[in-house]
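*Asks:* Just passing along the structure, written as structure tokens.
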Amino acid sequence: GDSVTQMEGPVTLSEEAFLTINCTYTATGYPSLFWYVQYPGEGLQLLLKATKADDKGSNKGFEATYRKETTSFHLEKGSVQVSDSAVYFCALCSNSGYALNFGKGTSLLVTP
Amino acid sequence: GAVVSQHPSWVICKSGTSVKIECRSLDFQATTMFWYRQFPKQSLMLMATSNEGSKATYEQGVEKDKFLINHASLTLSTLTVTSAHPEDSSFYICSASRSEATDTQYFGPGTRLTVL
């Protein structure tokens, strides 16, 4: 079945450091791919998404490119801020339905 | 727009009691609502998918008689945990989508259930 694997955290970075959170997926067909963010005490928020191969999703300085050849959707940000501290979830939505299949989440802590 | 609320945000109950959690789409009509369960430091696990006016579709391993889901209107879905036990303690999250033809879901803030 469909699945998402993302790097385990926690990830601790200094402010202005470069961020990469790896995400790979297994799916039949052509799923849509998502990154969700969960700030402390809040619900999940959609950060960005890509619906087809080579699409790049971007938002708030974060980017991720849908790589079908490597079945990956790695999240990157050039310069993180303390306010980016949160848990990041990679997810996919297969064509056969619209439920989301989530990775385990990666906790990010950015220190001043 | 696209705000989803959940009530209550936190509930503590005794073992054997039933607890109802509400999920509301505040500014849009939600054709489909999803219920997830999240364990500490774990991913969200889909429990069931519900479409307004029809029976919910439960994921394998989820007891439909224990987790009753009702989606009576386009803005409200409820999850009732019947005869709750300590192992049911978890974070329950709902999400909603505007129509069946979209992959965008809007998430509620979650409800933390603690069963003593």
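For the structure tokens, the naming scheme is as follows: chains receive sequential letters (A, B, ...) according to their order of presentation, residues are indexed from 1 within each chain, and ligands are indexed from 1 in presentation order.
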Enumerate as a list in words the residues belonging to chain A that approach chain B to within 6 Å, with only C-alpha atoms taken into account.
*Replies:*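 Here they are: Glu42, Gly43, Leu44, Tyr98, Gly103, Lys104 and Gly105 of chain A.
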*Asks:* Kindly export the residues of the current selection with N, CA and C atoms, as a compact mmCIF listing (two decimals), in the first residue's frame.
*Replies:*
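So selection_19.txt came out as:
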```txt
# COMPACT_ATOMS: atom_id res chain seq x y z
N GLU A 42 -1.22 23.84 18.22
CA GLU A 42 -2.13 24.17 17.13
C GLU A 42 -2.41 22.95 16.26
N GLY A 43 -3.39 23.09 15.39
CA GLY A 43 -3.71 22.03 14.45
C GLY A 43 -2.79 22.05 13.24
N LEU A 44 -2.93 21.02 12.43
CA LEU A 44 -2.11 20.95 11.23
C LEU A 44 -2.50 22.03 10.23
N TYR A 98 -9.28 10.23 -1.32
CA TYR A 98 -8.78 11.53 -0.91
C TYR A 98 -8.32 11.57 0.52
N GLY A 103 3.50 10.73 6.93
CA GLY A 103 4.72 10.26 7.53
C GLY A 103 4.65 10.47 9.04
N LYS A 104 5.68 10.06 9.75
CA LYS A 104 5.65 10.10 11.22
C LYS A 104 5.92 11.49 11.78
N GLY A 105 6.32 12.40 10.93
CA GLY A 105 6.57 13.74 11.42
C GLY A 105 8.02 13.94 11.84
```
*Asks:* For stretch 13-28 of chain A, please output as a PyMOL selection string all residues within 6 Å (counting only C-alpha atoms; exclusion window: fewer than 4 positions along the same chain).
*Replies:* chain A and resi 2-7+71-81+110-112
*Asks:* Could you write out, as a ChimeraX atom specification, all the residues of chain A that DSSP marks as strand (DSSP E)?
*Replies:* /A:3-6,11-14,19-21,23-26,32-38,44-50,56-59,62-65,75-77,86-93,100-102,106-111
*Asks:* Just checking: using only C-alpha atoms, which residue out of A:Val87, A:Val82, A:Leu108, A:Leu33 ends up closest to A:Gln45?
*Replies:*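 Distance minimum relative to A:Gln45 lands on A:Val87.
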*Asks:* Quick check, in Å to one decimal: how far apart do atom CA of A:Pro10 and atom CA of A:Ala86 lie?
*Replies:*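 It comes out at 10.1 Å.
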*Asks:* Do you know which residues are at most 9 Å from A:Asp54 counting only C-alpha atoms, after dropping those on the same chain fewer than 3 positions away, and could you put them as a list in words?
*Replies:*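 Returned residues: Ala50, Thr65, Tyr66, Arg67 and Lys68 of chain A.
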*Asks:* Please identify all polymer residues within 8 Å of B:His85, counting only C-alpha atoms, omitting same-chain residues fewer than 4 positions from it, and present them as a list in words.
*Replies:*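 So, after excluding close chain neighbours, the residues are Lys14, Ser15, Gly16, Ser89, Val115 and Leu116 of chain B.
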